[in-house]
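File shown: start-v5.tsv (TSV, C-alpha atoms).
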```
chain	number	residue	atom	x	y	z
F	1	MET	CA	16.25	-16.30	-1.96
F	2	THR	CA	13.95	-18.80	-0.31
F	3	ALA	CA	16.67	-21.41	-0.11
F	4	THR	CA	15.74	-24.99	-0.80
F	5	ASN	CA	19.13	-26.44	0.02
F	6	GLY	CA	20.07	-30.10	-0.05
F	7	ASN	CA	19.66	-32.59	-2.83
F	8	ARG	CA	16.33	-34.24	-3.31
F	9	SER	CA	17.54	-37.78	-3.84
F	10	GLY	CA	18.16	-40.38	-1.18
F	11	ARG	CA	16.19	-38.63	1.52
F	12	ARG	CA	13.68	-40.43	3.60
F	13	PRO	CA	10.03	-39.34	3.43
F	14	GLY	CA	9.03	-36.61	5.84
F	15	ARG	CA	11.62	-34.07	4.76
F	16	SER	CA	9.05	-31.61	3.42
F	17	GLY	CA	7.04	-32.10	6.61
F	18	THR	CA	10.12	-31.20	8.64
F	19	ARG	CA	10.78	-28.19	6.45
F	20	GLU	CA	7.21	-26.96	6.91
F	21	ALA	CA	7.39	-27.57	10.66
F	22	ILE	CA	10.51	-25.38	10.83
F	23	LEU	CA	8.84	-22.63	8.77
F	24	ASP	CA	5.72	-22.75	10.93
F	25	ALA	CA	7.79	-22.52	14.10
F	26	ALA	CA	9.80	-19.66	12.59
F	27	ARG	CA	6.64	-17.72	11.71
F	28	VAL	CA	5.30	-18.08	15.24
F	29	ARG	CA	8.61	-17.19	16.89
F	30	PHE	CA	9.47	-14.23	14.65
F	31	GLY	CA	5.93	-12.93	15.05
F	32	GLU	CA	6.04	-13.28	18.84
F	33	VAL	CA	9.46	-11.86	19.72
F	34	GLY	CA	10.78	-10.30	16.50
F	35	PHE	CA	13.79	-11.15	14.38
F	36	ASP	CA	16.59	-10.24	16.78
F	37	LYS	CA	15.25	-12.11	19.79
F	38	ALA	CA	14.16	-15.25	17.94
F	39	SER	CA	17.03	-17.74	18.05
F	40	ILE	CA	17.57	-20.57	15.59
F	41	ARG	CA	17.80	-22.80	18.68
F	42	SER	CA	14.35	-21.78	19.97
F	43	ILE	CA	12.83	-22.30	16.53
F	44	ALA	CA	14.48	-25.71	16.23
F	45	THR	CA	13.18	-26.68	19.67
F	46	ALA	CA	9.64	-25.61	18.76
F	47	ALA	CA	9.89	-27.68	15.56
F	48	SER	CA	11.43	-30.63	17.42
F	49	VAL	CA	14.52	-30.74	15.21
F	50	ASP	CA	18.23	-30.16	15.66
F	51	PRO	CA	19.38	-26.54	15.09
F	52	ALA	CA	21.92	-27.84	12.56
F	53	LEU	CA	19.04	-29.04	10.40
F	54	VAL	CA	17.54	-25.52	10.36
F	55	HIS	CA	20.84	-24.13	9.09
F	56	HIS	CA	21.12	-26.99	6.61
F	57	TYR	CA	17.71	-26.31	5.09
F	58	PHE	CA	17.61	-22.53	5.27
F	59	GLY	CA	21.11	-21.07	5.77
F	60	THR	CA	21.29	-17.96	7.94
F	61	LYS	CA	18.59	-16.68	10.28
F	62	GLN	CA	17.82	-13.88	7.83
F	63	GLU	CA	17.41	-16.40	5.01
F	64	LEU	CA	15.08	-18.40	7.25
F	65	PHE	CA	13.03	-15.24	7.87
F	66	THR	CA	12.64	-14.39	4.18
F	67	ALA	CA	11.67	-18.04	3.59
F	68	ALA	CA	9.13	-17.88	6.44
F	69	LEU	CA	7.63	-14.76	4.86
F	70	GLU	CA	7.72	-16.49	1.45
F	71	PHE	CA	9.62	-13.42	0.31
F	72	PRO	CA	11.48	-14.19	-2.92
F	73	ILE	CA	14.47	-11.88	-2.60
F	74	ASP	CA	17.17	-11.36	-0.01
F	75	PRO	CA	16.77	-7.71	1.07
F	76	GLN	CA	20.54	-7.62	1.55
F	77	VAL	CA	20.93	-7.28	-2.23
F	78	VAL	CA	19.31	-3.83	-2.12
F	79	LEU	CA	20.62	-2.86	1.31
F	80	THR	CA	24.22	-3.29	0.16
F	81	GLN	CA	23.70	-0.76	-2.63
F	82	ILE	CA	22.34	1.73	-0.11
F	83	ALA	CA	24.99	1.20	2.56
F	84	ASP	CA	27.72	3.14	0.72
F	85	ALA	CA	25.59	6.21	-0.14
F	86	PRO	CA	26.60	9.50	1.50
F	87	LEU	CA	24.02	10.65	4.05
F	88	ASP	CA	22.98	13.62	1.92
F	89	GLN	CA	22.24	11.36	-1.06
F	90	LEU	CA	20.40	8.67	0.88
F	91	GLY	CA	16.93	9.68	-0.37
F	92	GLU	CA	17.64	9.47	-4.06
F	93	THR	CA	19.91	6.43	-3.66
F	94	ILE	CA	17.14	4.48	-1.92
F	95	VAL	CA	14.49	5.47	-4.47
F	96	ARG	CA	16.79	4.50	-7.36
F	97	ALA	CA	17.79	1.14	-5.82
F	98	VAL	CA	14.24	0.17	-4.88
F	99	LEU	CA	12.60	1.22	-8.16
F	100	THR	CA	15.33	-0.55	-10.12
F	101	VAL	CA	14.90	-3.85	-8.30
F	102	TRP	CA	11.10	-3.73	-8.75
F	103	ASP	CA	11.61	-3.88	-12.51
F	104	THR	CA	13.79	-7.00	-12.42
F	105	PRO	CA	12.22	-10.47	-12.79
F	106	ILE	CA	12.82	-11.24	-9.13
F	107	GLY	CA	11.52	-7.78	-8.23
F	108	VAL	CA	8.21	-8.66	-9.86
F	109	GLN	CA	7.97	-11.62	-7.48
F	110	ALA	CA	8.90	-9.36	-4.58
F	111	VAL	CA	6.11	-6.94	-5.52
F	112	ALA	CA	3.65	-9.85	-5.62
F	113	ALA	CA	4.91	-11.06	-2.25
F	114	PHE	CA	4.48	-7.60	-0.75
F	115	ARG	CA	0.97	-7.42	-2.11
F	116	THR	CA	0.18	-10.69	-0.35
F	117	LEU	CA	1.84	-9.50	2.86
F	118	ILE	CA	-0.20	-6.28	2.80
F	119	ALA	CA	-3.39	-8.23	2.17
F	120	SER	CA	-3.09	-11.23	4.42
F	121	GLY	CA	0.32	-11.39	6.04
F	122	ASP	CA	0.68	-11.55	9.80
F	123	PRO	CA	1.19	-7.85	10.68
F	124	ALA	CA	3.61	-8.73	13.50
F	125	LEU	CA	5.81	-10.72	11.12
F	126	VAL	CA	5.75	-8.01	8.48
F	127	ARG	CA	6.54	-5.33	11.07
F	128	ALA	CA	9.53	-7.33	12.33
F	129	PHE	CA	10.71	-7.85	8.76
F	130	MET	CA	10.45	-4.11	8.02
F	131	LEU	CA	11.99	-2.83	11.27
F	132	GLU	CA	14.65	-5.40	11.99
F	133	ILE	CA	15.86	-6.21	8.47
F	134	VAL	CA	14.73	-3.77	5.79
F	135	LEU	CA	15.04	-0.54	7.78
F	136	LYS	CA	17.69	-1.53	10.32
F	137	ASP	CA	20.84	-0.07	8.71
F	138	VAL	CA	19.19	3.13	7.50
F	139	ARG	CA	17.51	3.70	10.86
F	140	ALA	CA	20.87	3.61	12.64
F	141	ARG	CA	22.37	6.09	10.16
F	142	VAL	CA	19.58	8.68	10.46
F	143	ASP	CA	19.08	8.52	14.23
F	144	SER	CA	19.67	12.22	14.77
F	145	PRO	CA	18.52	13.49	17.20
F	146	PRO	CA	18.87	10.14	18.99
F	147	GLY	CA	15.57	8.27	19.06
F	148	SER	CA	14.24	9.74	15.81
F	149	GLY	CA	15.68	7.06	13.52
F	150	THR	CA	12.69	4.73	13.60
F	151	LYS	CA	10.19	7.47	12.82
F	152	ARG	CA	12.41	8.81	10.02
F	153	SER	CA	12.89	5.43	8.39
F	154	VAL	CA	9.23	4.39	8.71
F	155	LEU	CA	8.18	7.68	7.07
F	156	ALA	CA	10.56	6.93	4.20
F	157	ALA	CA	9.14	3.40	4.00
F	158	SER	CA	5.62	4.84	3.86
F	159	GLN	CA	6.43	6.81	0.69
F	160	LEU	CA	8.06	3.77	-0.89
F	161	ALA	CA	5.09	1.56	0.05
F	162	GLY	CA	2.77	4.09	-1.59
F	163	LEU	CA	4.90	4.15	-4.71
F	164	LEU	CA	4.71	0.37	-4.77
F	165	VAL	CA	0.91	0.50	-4.55
F	166	THR	CA	0.43	3.20	-7.22
F	167	ARG	CA	3.21	2.27	-9.67
F	168	LYS	CA	3.37	-1.53	-9.48
F	169	ILE	CA	0.16	-2.85	-7.94
F	170	LEU	CA	-2.56	-0.48	-9.18
F	171	GLN	CA	-0.35	0.75	-12.06
F	172	ILE	CA	-1.83	4.23	-12.16
F	173	GLU	CA	-0.52	6.45	-14.96
F	174	PRO	CA	1.54	8.52	-15.39
F	175	ILE	CA	3.40	7.19	-12.31
F	176	ALA	CA	3.32	3.60	-13.58
F	177	SER	CA	5.55	4.51	-16.52
F	178	THR	CA	7.47	7.55	-15.28
F	179	PRO	CA	11.19	6.95	-15.91
F	180	ILE	CA	13.10	5.90	-12.80
F	181	GLU	CA	15.43	8.93	-12.85
F	182	GLU	CA	12.48	11.33	-12.97
F	183	LEU	CA	10.94	9.61	-9.93
F	184	VAL	CA	14.35	9.71	-8.22
F	185	ALA	CA	14.35	13.50	-8.67
F	186	THR	CA	10.68	13.80	-7.67
F	187	VAL	CA	10.42	11.44	-4.70
F	188	GLY	CA	14.08	11.39	-3.59
F	189	PRO	CA	13.73	14.80	-1.85
F	190	THR	CA	10.72	13.49	0.10
F	191	LEU	CA	12.76	10.62	1.51
F	192	GLN	CA	15.75	12.89	2.11
F	193	ARG	CA	13.64	15.26	4.20
F	194	TYR	CA	12.13	12.40	6.21
F	195	LEU	CA	15.59	10.89	6.80
F	196	THR	CA	17.72	13.94	7.56
F	197	GLY	CA	15.52	17.07	7.56
F	198	ASP	CA	13.95	19.00	10.41
F	199	LEU	CA	10.74	17.22	11.35
F	200	PRO	CA	8.10	18.17	13.90
F	201	GLY	CA	8.53	16.03	16.98
F	202	ALA	CA	11.86	14.58	15.81
P	1	MET	CA	-22.80	4.38	1.39
P	2	THR	CA	-23.61	1.15	-0.38
P	3	ALA	CA	-27.26	1.95	-0.60
P	4	THR	CA	-29.78	-0.77	-0.20
P	5	ASN	CA	-32.80	1.30	-1.00
P	6	GLY	CA	-36.35	0.09	-1.25
P	7	ASN	CA	-38.42	-1.74	1.26
P	8	ARG	CA	-37.96	-5.46	1.60
P	9	SER	CA	-41.61	-6.42	1.86
P	10	GLY	CA	-43.92	-7.32	-0.96
P	11	ARG	CA	-41.23	-7.85	-3.57
P	12	ARG	CA	-41.19	-10.87	-5.77
P	13	PRO	CA	-38.25	-13.27	-5.52
P	14	GLY	CA	-35.28	-12.45	-7.71
P	15	ARG	CA	-34.67	-8.98	-6.37
P	16	SER	CA	-31.23	-9.81	-4.95
P	17	GLY	CA	-30.42	-11.56	-8.23
P	18	THR	CA	-31.30	-8.38	-10.10
P	19	ARG	CA	-29.23	-6.31	-7.70
P	20	GLU	CA	-26.21	-8.55	-8.20
P	21	ALA	CA	-26.69	-8.52	-11.97
P	22	ILE	CA	-26.60	-4.72	-11.92
P	23	LEU	CA	-23.46	-4.70	-9.75
P	24	ASP	CA	-21.75	-7.24	-12.01
P	25	ALA	CA	-22.61	-5.21	-15.11
P	26	ALA	CA	-21.38	-2.05	-13.37
P	27	ARG	CA	-18.04	-3.64	-12.46
P	28	VAL	CA	-17.49	-4.78	-16.05
P	29	ARG	CA	-18.52	-1.45	-17.54
P	30	PHE	CA	-16.61	0.80	-15.11
P	31	GLY	CA	-13.55	-1.41	-15.54
P	32	GLU	CA	-13.77	-1.28	-19.33
P	33	VAL	CA	-14.47	2.38	-20.03
P	34	GLY	CA	-14.01	4.15	-16.69
P	35	PHE	CA	-16.46	6.06	-14.56
P	36	ASP	CA	-17.16	9.03	-16.82
P	37	LYS	CA	-17.89	7.05	-19.96
P	38	ALA	CA	-19.95	4.31	-18.34
P	39	SER	CA	-23.60	5.33	-18.46
P	40	ILE	CA	-26.34	4.08	-16.20
P	41	ARG	CA	-28.21	3.23	-19.40
P	42	SER	CA	-25.43	0.98	-20.74
P	43	ILE	CA	-25.12	-0.76	-17.37
P	44	ALA	CA	-28.89	-1.27	-17.22
P	45	THR	CA	-28.87	-2.70	-20.75
P	46	ALA	CA	-26.06	-5.12	-19.87
P	47	ALA	CA	-28.01	-6.24	-16.80
P	48	SER	CA	-31.27	-6.46	-18.79
P	49	VAL	CA	-33.12	-4.07	-16.50
P	50	ASP	CA	-34.69	-0.65	-16.79
P	51	PRO	CA	-32.35	2.28	-15.98
P	52	ALA	CA	-34.91	3.53	-13.45
P	53	LEU	CA	-34.38	0.34	-11.48
P	54	VAL	CA	-30.63	1.04	-11.28
P	55	HIS	CA	-31.34	4.48	-9.82
P	56	HIS	CA	-33.96	3.00	-7.51
P	57	TYR	CA	-31.54	0.44	-6.07
P	58	PHE	CA	-28.33	2.45	-6.00
P	59	GLY	CA	-29.02	6.18	-6.31
P	60	THR	CA	-26.48	8.18	-8.30
P	61	LYS	CA	-23.84	6.79	-10.65
P	62	GLN	CA	-21.17	7.53	-8.05
P	63	GLU	CA	-23.12	5.66	-5.41
P	64	LEU	CA	-23.43	2.74	-7.83
P	65	PHE	CA	-19.65	2.82	-8.32
P	66	THR	CA	-18.85	2.74	-4.60
P	67	ALA	CA	-21.37	-0.10	-4.24
P	68	ALA	CA	-19.73	-1.99	-7.14
P	69	LEU	CA	-16.35	-1.60	-5.42
P	70	GLU	CA	-17.95	-2.64	-2.13
P	71	PHE	CA	-16.49	0.56	-0.74
P	72	PRO	CA	-18.25	1.50	2.49
P	73	ILE	CA	-17.98	5.28	2.37
P	74	ASP	CA	-18.97	7.95	-0.10
P	75	PRO	CA	-15.67	9.70	-0.96
P	76	GLN	CA	-17.68	12.90	-1.33
P	77	VAL	CA	-17.74	13.20	2.46
P	78	VAL	CA	-13.98	13.77	2.49
P	79	LEU	CA	-13.79	15.60	-0.82
P	80	THR	CA	-16.19	18.26	0.40
P	81	GLN	CA	-13.87	19.08	3.31
P	82	ILE	CA	-10.98	19.49	0.90
P	83	ALA	CA	-12.80	21.54	-1.71
P	84	ASP	CA	-12.77	24.76	0.29
P	85	ALA	CA	-9.08	24.68	1.26
P	86	PRO	CA	-6.85	27.43	-0.16
P	87	LEU	CA	-4.38	26.05	-2.70
P	88	ASP	CA	-1.39	26.71	-0.46
P	89	GLN	CA	-2.96	24.69	2.38
P	90	LEU	CA	-4.11	21.78	0.24
P	91	GLY	CA	-1.39	19.39	1.41
P	92	GLU	CA	-2.05	19.66	5.12
P	93	THR	CA	-5.83	19.87	4.62
P	94	ILE	CA	-5.86	16.59	2.70
P	95	VAL	CA	-3.64	14.79	5.22
P	96	ARG	CA	-5.80	16.01	8.11
P	97	ALA	CA	-9.09	15.05	6.43
P	98	VAL	CA	-7.91	11.63	5.33
P	99	LEU	CA	-6.22	10.67	8.61
P	100	THR	CA	-9.27	11.85	10.55
P	101	VAL	CA	-11.72	9.76	8.53
P	102	TRP	CA	-9.52	6.64	8.86
P	103	ASP	CA	-10.03	6.77	12.64
P	104	THR	CA	-13.83	6.88	12.44
P	105	PRO	CA	-15.87	3.65	12.58
P	106	ILE	CA	-16.73	3.91	8.90
P	107	GLY	CA	-13.11	4.78	8.15
P	108	VAL	CA	-12.04	1.46	9.64
P	109	GLN	CA	-14.29	-0.24	7.12
P	110	ALA	CA	-12.85	1.93	4.35
P	111	VAL	CA	-9.31	0.92	5.34
P	112	ALA	CA	-10.36	-2.74	5.21
P	113	ALA	CA	-11.98	-2.18	1.81
P	114	PHE	CA	-8.82	-0.52	0.49
P	115	ARG	CA	-6.76	-3.42	1.76
P	116	THR	CA	-8.99	-5.79	-0.20
P	117	LEU	CA	-8.83	-3.57	-3.28
P	118	ILE	CA	-5.03	-3.46	-3.13
P	119	ALA	CA	-4.86	-7.22	-2.69
P	120	SER	CA	-7.45	-8.54	-5.06
P	121	GLY	CA	-9.43	-5.71	-6.61
P	122	ASP	CA	-9.66	-5.31	-10.37
P	123	PRO	CA	-6.85	-2.78	-11.01
P	124	ALA	CA	-8.82	-1.11	-13.81
P	125	LEU	CA	-11.78	-0.53	-11.48
P	126	VAL	CA	-9.59	0.80	-8.68
P	127	ARG	CA	-7.71	3.08	-11.09
P	128	ALA	CA	-10.97	4.51	-12.39
P	129	PHE	CA	-12.18	5.02	-8.82
P	130	MET	CA	-8.97	6.84	-7.90
P	131	LEU	CA	-8.66	8.99	-11.00
P	132	GLU	CA	-12.26	9.81	-11.79
P	133	ILE	CA	-13.69	10.17	-8.29
P	134	VAL	CA	-11.12	10.45	-5.50
P	135	LEU	CA	-8.55	12.60	-7.32
P	136	LYS	CA	-10.79	14.39	-9.81
P	137	ASP	CA	-11.37	17.72	-8.04
P	138	VAL	CA	-7.84	18.07	-6.70
P	139	ARG	CA	-6.33	17.18	-10.07
P	140	ALA	CA	-8.22	20.01	-11.76
P	141	ARG	CA	-7.08	22.51	-9.12
P	142	VAL	CA	-3.36	21.65	-9.36
P	143	ASP	CA	-3.11	21.35	-13.13
P	144	SER	CA	-0.33	23.93	-13.45
P	145	PRO	CA	1.42	23.80	-15.85
P	146	PRO	CA	-1.51	22.32	-17.81
P	147	GLY	CA	-1.21	18.55	-18.08
P	148	SER	CA	0.65	18.09	-14.79
P	149	GLY	CA	-2.45	17.68	-12.61
P	150	THR	CA	-2.72	13.92	-12.90
P	151	LYS	CA	0.92	13.31	-12.04
P	152	ARG	CA	0.71	15.73	-9.11
P	153	SER	CA	-2.41	14.18	-7.66
P	154	VAL	CA	-1.21	10.58	-8.13
P	155	LEU	CA	2.05	11.44	-6.35
P	156	ALA	CA	0.02	12.84	-3.46
P	157	ALA	CA	-2.13	9.70	-3.49
P	158	SER	CA	1.03	7.56	-3.38
P	159	GLN	CA	2.11	9.17	-0.10
P	160	LEU	CA	-1.37	8.73	1.37
P	161	ALA	CA	-1.52	5.09	0.23
P	162	GLY	CA	1.82	4.47	1.92
P	163	LEU	CA	0.60	6.10	5.10
P	164	LEU	CA	-2.45	3.84	4.96
P	165	VAL	CA	-0.21	0.77	4.63
P	166	THR	CA	2.22	1.71	7.42
P	167	ARG	CA	-0.18	3.38	9.88
P	168	LYS	CA	-3.40	1.42	9.51
P	169	ILE	CA	-2.67	-1.90	7.79
P	170	LEU	CA	0.78	-2.91	9.09
P	171	GLN	CA	0.47	-0.56	12.10
P	172	ILE	CA	4.18	0.13	12.35
P	173	GLU	CA	5.23	2.31	15.30
P	174	PRO	CA	5.77	5.15	15.88
P	175	ILE	CA	3.72	6.10	12.80
P	176	ALA	CA	0.75	3.98	13.88
P	177	SER	CA	0.18	6.17	16.93
P	178	THR	CA	1.67	9.53	15.91
P	179	PRO	CA	-0.92	12.26	16.62
P	180	ILE	CA	-2.76	13.43	13.52
P	181	GLU	CA	-1.54	17.02	13.80
P	182	GLU	CA	2.09	15.91	13.97
P	183	LEU	CA	1.61	13.86	10.81
P	184	VAL	CA	-0.15	16.83	9.20
P	185	ALA	CA	2.98	18.90	9.86
P	186	THR	CA	5.31	16.09	8.76
P	187	VAL	CA	3.58	14.73	5.67
P	188	GLY	CA	1.54	17.79	4.65
P	189	PRO	CA	4.61	19.50	3.09
P	190	THR	CA	5.26	16.38	0.98
P	191	LEU	CA	1.78	16.56	-0.51
P	192	GLN	CA	2.01	20.33	-0.90
P	193	ARG	CA	5.23	20.02	-2.92
P	194	TYR	CA	3.75	17.29	-5.13
P	195	LEU	CA	0.59	19.35	-5.68
P	196	THR	CA	1.95	22.86	-6.22
P	197	GLY	CA	5.78	22.76	-6.12
P	198	ASP	CA	8.34	22.69	-8.92
P	199	LEU	CA	8.67	19.08	-10.03
P	200	PRO	CA	11.02	17.56	-12.60
P	201	GLY	CA	9.10	16.90	-15.81
P	202	ALA	CA	5.99	18.78	-14.60
```
What's the structure tokens form of this structure?
Amino acid sequence: MTATNGNRSGRRPGRSGTREAILDAARVRFGEVGFDKASIRSIATAASVDPALVHHYFGTKQELFTAALEFPIDPQVVLTQIADAPLDQLGETIVRAVLTVWDTPIGVQAVAAFRTLIASGDPALVRAFMLEIVLKDVRARVDSPPGSGTKRSVLAASQLAGLLVTRKILQIEPIASTPIEELVATVGPTLQRYLTGDLPGA
Amino acid sequence: MTATNGNRSGRRPGRSGTREAILDAARVRFGEVGFDKASIRSIATAASVDPALVHHYFGTKQELFTAALEFPIDPQVVLTQIADAPLDQLGETIVRAVLTVWDTPIGVQAVAAFRTLIASGDPALVRAFMLEIVLKDVRARVDSPPGSGTKRSVLAASQLAGLLVTRKILQIEPIASTPIEELVATVGPTLQRYLTGDLPGA
């Protein structure tokens, strides 16, 4: 969620200016050094506010990042569903979880946000969001041989991004209306091979 | 190519207005009825010009379509390379041809055009472009069992679209700089399975 914490009454003018200043500083910082290395403190300093105010407005650093990206859903909701999947069912579990969330009301907003990010988002910000939040847990689980985890997870992300483009953005039939479980059986093996199969150069 | 035929000298004012009127009519018509069913004659009528003028300005119907989409490359250039590939090498041939053209100067423009189409293009126009031009030949070749060709070719397109997003638009490493032949060996089998393998529901 893009948290808008705090009540609106009794605040002095300038609050929304402060909020925007924090978001601007966060976008710059996350884009420059990535999610892990950007501290709430450094963002607060750049925005000339107290770090406590950043937490007050936005919650955790990850919540601040999704707010900075104007991304309407906390990726953790999907990542939690994937975390418990056995390694040999990771491909189909990811396809099922992602396709299911796309069809929810908040998923529709997420699809729209991704469309905007593809079109005009800061590539450095989007890369950090993908690598350090969306793909982080999976990448660690599939890092075999060591060092191959990033390539494996980005390949999996490429197939999901393409499904997003064809099914939800361009809405090309029959993929736009193929039942989720059929796509799980069709595309799941692709992700499974990318994540745990023998790959050239991996 | 978005042809701009005809010499610029000695024409009366209004030429560029006529050209735009033809393109506008083409966008409406292709979006409404698709590429195959939209005739040059009906587009000319909608633009209140003679059909010969449409041919004079834009060449063939396919050239008119790529001009209407503001797409900088004639897809035929790539499709010709793919047409001669044996069926069992279709996957890797397509990946190689598409990745190679993306790295050419005109391919860079095509990537930018696709980014715009994904972000703000008329989905009906883009769908018609994909189904009736880009995927047409391949779809006919992989239509086994009969009726499965569209699903097969759209699945293949989904993986290519995702590769476009990750490699060229978001430029996520290591996929952004993986050598073409390694990606051919990695992603080619995905396309091959979609195009000729056993698929659920196909």
Kindly provide the residues of chain F that approach chain P to within 8 Å, each paired with its closest atom pair and their distance in Å to one decimal, based on all atoms listed in the file, listed by chain and increasing number, as JSON lines.
```
{"residue": "F:Arg115", "atom": "CA", "partner": "P:Ala119", "partner_atom": "CA", "distance": 5.9}
{"residue": "F:Thr116", "atom": "CA", "partner": "P:Ala119", "partner_atom": "CA", "distance": 6.6}
{"residue": "F:Ile118", "atom": "CA", "partner": "P:Ile169", "partner_atom": "CA", "distance": 7.1}
{"residue": "F:Ala119", "atom": "CA", "partner": "P:Ala119", "partner_atom": "CA", "distance": 5.2}
{"residue": "F:Pro123", "atom": "CA", "partner": "P:Leu170", "partner_atom": "CA", "distance": 5.2}
{"residue": "F:Ala124", "atom": "CA", "partner": "P:Leu170", "partner_atom": "CA", "distance": 7.8}
{"residue": "F:Val126", "atom": "CA", "partner": "P:Leu170", "partner_atom": "CA", "distance": 7.1}
{"residue": "F:Arg127", "atom": "CA", "partner": "P:Ile172", "partner_atom": "CA", "distance": 6.1}
{"residue": "F:Thr150", "atom": "CA", "partner": "P:Pro174", "partner_atom": "CA", "distance": 7.3}
{"residue": "F:Lys151", "atom": "CA", "partner": "P:Pro174", "partner_atom": "CA", "distance": 5.9}
{"residue": "F:Val154", "atom": "CA", "partner": "P:Ile175", "partner_atom": "CA", "distance": 7.1}
{"residue": "F:Leu155", "atom": "CA", "partner": "P:Ile175", "partner_atom": "CA", "distance": 7.4}
{"residue": "F:Ala157", "atom": "CA", "partner": "P:Gly162", "partner_atom": "CA", "distance": 7.7}
{"residue": "F:Ser158", "atom": "CA", "partner": "P:Gly162", "partner_atom": "CA", "distance": 4.3}
{"residue": "F:Gln159", "atom": "CA", "partner": "P:Gln159", "partner_atom": "CA", "distance": 5.0}
{"residue": "F:Leu160", "atom": "CA", "partner": "P:Gly162", "partner_atom": "CA", "distance": 6.9}
{"residue": "F:Ala161", "atom": "CA", "partner": "P:Gly162", "partner_atom": "CA", "distance": 4.8}
{"residue": "F:Gly162", "atom": "CA", "partner": "P:Gly162", "partner_atom": "CA", "distance": 3.7}
{"residue": "F:Leu163", "atom": "CA", "partner": "P:Ser158", "partner_atom": "CA", "distance": 5.3}
{"residue": "F:Val165", "atom": "CA", "partner": "P:Ala161", "partner_atom": "CA", "distance": 7.1}
{"residue": "F:Thr166", "atom": "CA", "partner": "P:Ser158", "partner_atom": "CA", "distance": 5.8}
{"residue": "F:Ile169", "atom": "CA", "partner": "P:Ile118", "partner_atom": "CA", "distance": 7.1}
{"residue": "F:Leu170", "atom": "CA", "partner": "P:Pro123", "partner_atom": "CA", "distance": 5.2}
{"residue": "F:Gln171", "atom": "CA", "partner": "P:Pro123", "partner_atom": "CA", "distance": 7.5}
{"residue": "F:Ile172", "atom": "CA", "partner": "P:Arg127", "partner_atom": "CA", "distance": 6.1}
{"residue": "F:Glu173", "atom": "CA", "partner": "P:Lys151", "partner_atom": "CA", "distance": 7.6}
{"residue": "F:Pro174", "atom": "CA", "partner": "P:Lys151", "partner_atom": "CA", "distance": 5.9}
{"residue": "F:Ile175", "atom": "CA", "partner": "P:Lys151", "partner_atom": "CA", "distance": 6.6}
{"residue": "F:Glu182", "atom": "CA", "partner": "P:Pro200", "partner_atom": "CA", "distance": 6.4}
{"residue": "F:Ala185", "atom": "CA", "partner": "P:Pro200", "partner_atom": "CA", "distance": 6.6}
{"residue": "F:Thr186", "atom": "CA", "partner": "P:Leu199", "partner_atom": "CA", "distance": 6.1}
{"residue": "F:Thr190", "atom": "CA", "partner": "P:Thr190", "partner_atom": "CA", "distance": 6.2}
{"residue": "F:Leu199", "atom": "CA", "partner": "P:Thr186", "partner_atom": "CA", "distance": 6.1}
{"residue": "F:Pro200", "atom": "CA", "partner": "P:Thr186", "partner_atom": "CA", "distance": 6.2}
{"residue": "F:Gly201", "atom": "CA", "partner": "P:Glu182", "partner_atom": "CA", "distance": 7.1}
```
Find the residue from P:Thr66, P:Thr93, P:Thr196, P:Ser39 that sits nearest to Ala113 of chain P; use all atoms listed in the file when measuring.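 The shortest atom-to-atom distance to Ala113 of chain P comes from P:Thr66.
With all atoms listed in the file as the atoms that count, the minimum distance from Ile94 of chain P to the choices P:Ile73, P:Ala44, P:Thr18, P:Val134 is reached by P:Val134.
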Separating atom CA of Gly107 of chain F from atom CA of Asp137 of chain F, to the nearest tenth of an Å, is a gap of 20.8 Å
Atom pair atom CA of Ala67 of chain F + atom CA of Ile133 of chain F, distance 13.5 Å
Measure the distance from atom CA of Arg139 of chain P to atom CA of Phe30 of chain P in Å and round it to one decimal. 20.0 Å
Of F:Phe58, F:Gln81, F:Ala21, F:Val111, the one sitting nearest Ala97 of chain F when using all atoms listed in the file is F:Gln81
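Residue nearest Arg96 of chain F, chosen from F:Leu195, F:Ile82, F:Leu69, F:Ala26 and counting all atoms listed in the file: F:Ile82.
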Counting all atoms listed in the file, closest pick from F:Gly31, F:Thr45, F:Phe129, F:Pro72 relative to Pro105 of chain F is F:Pro72
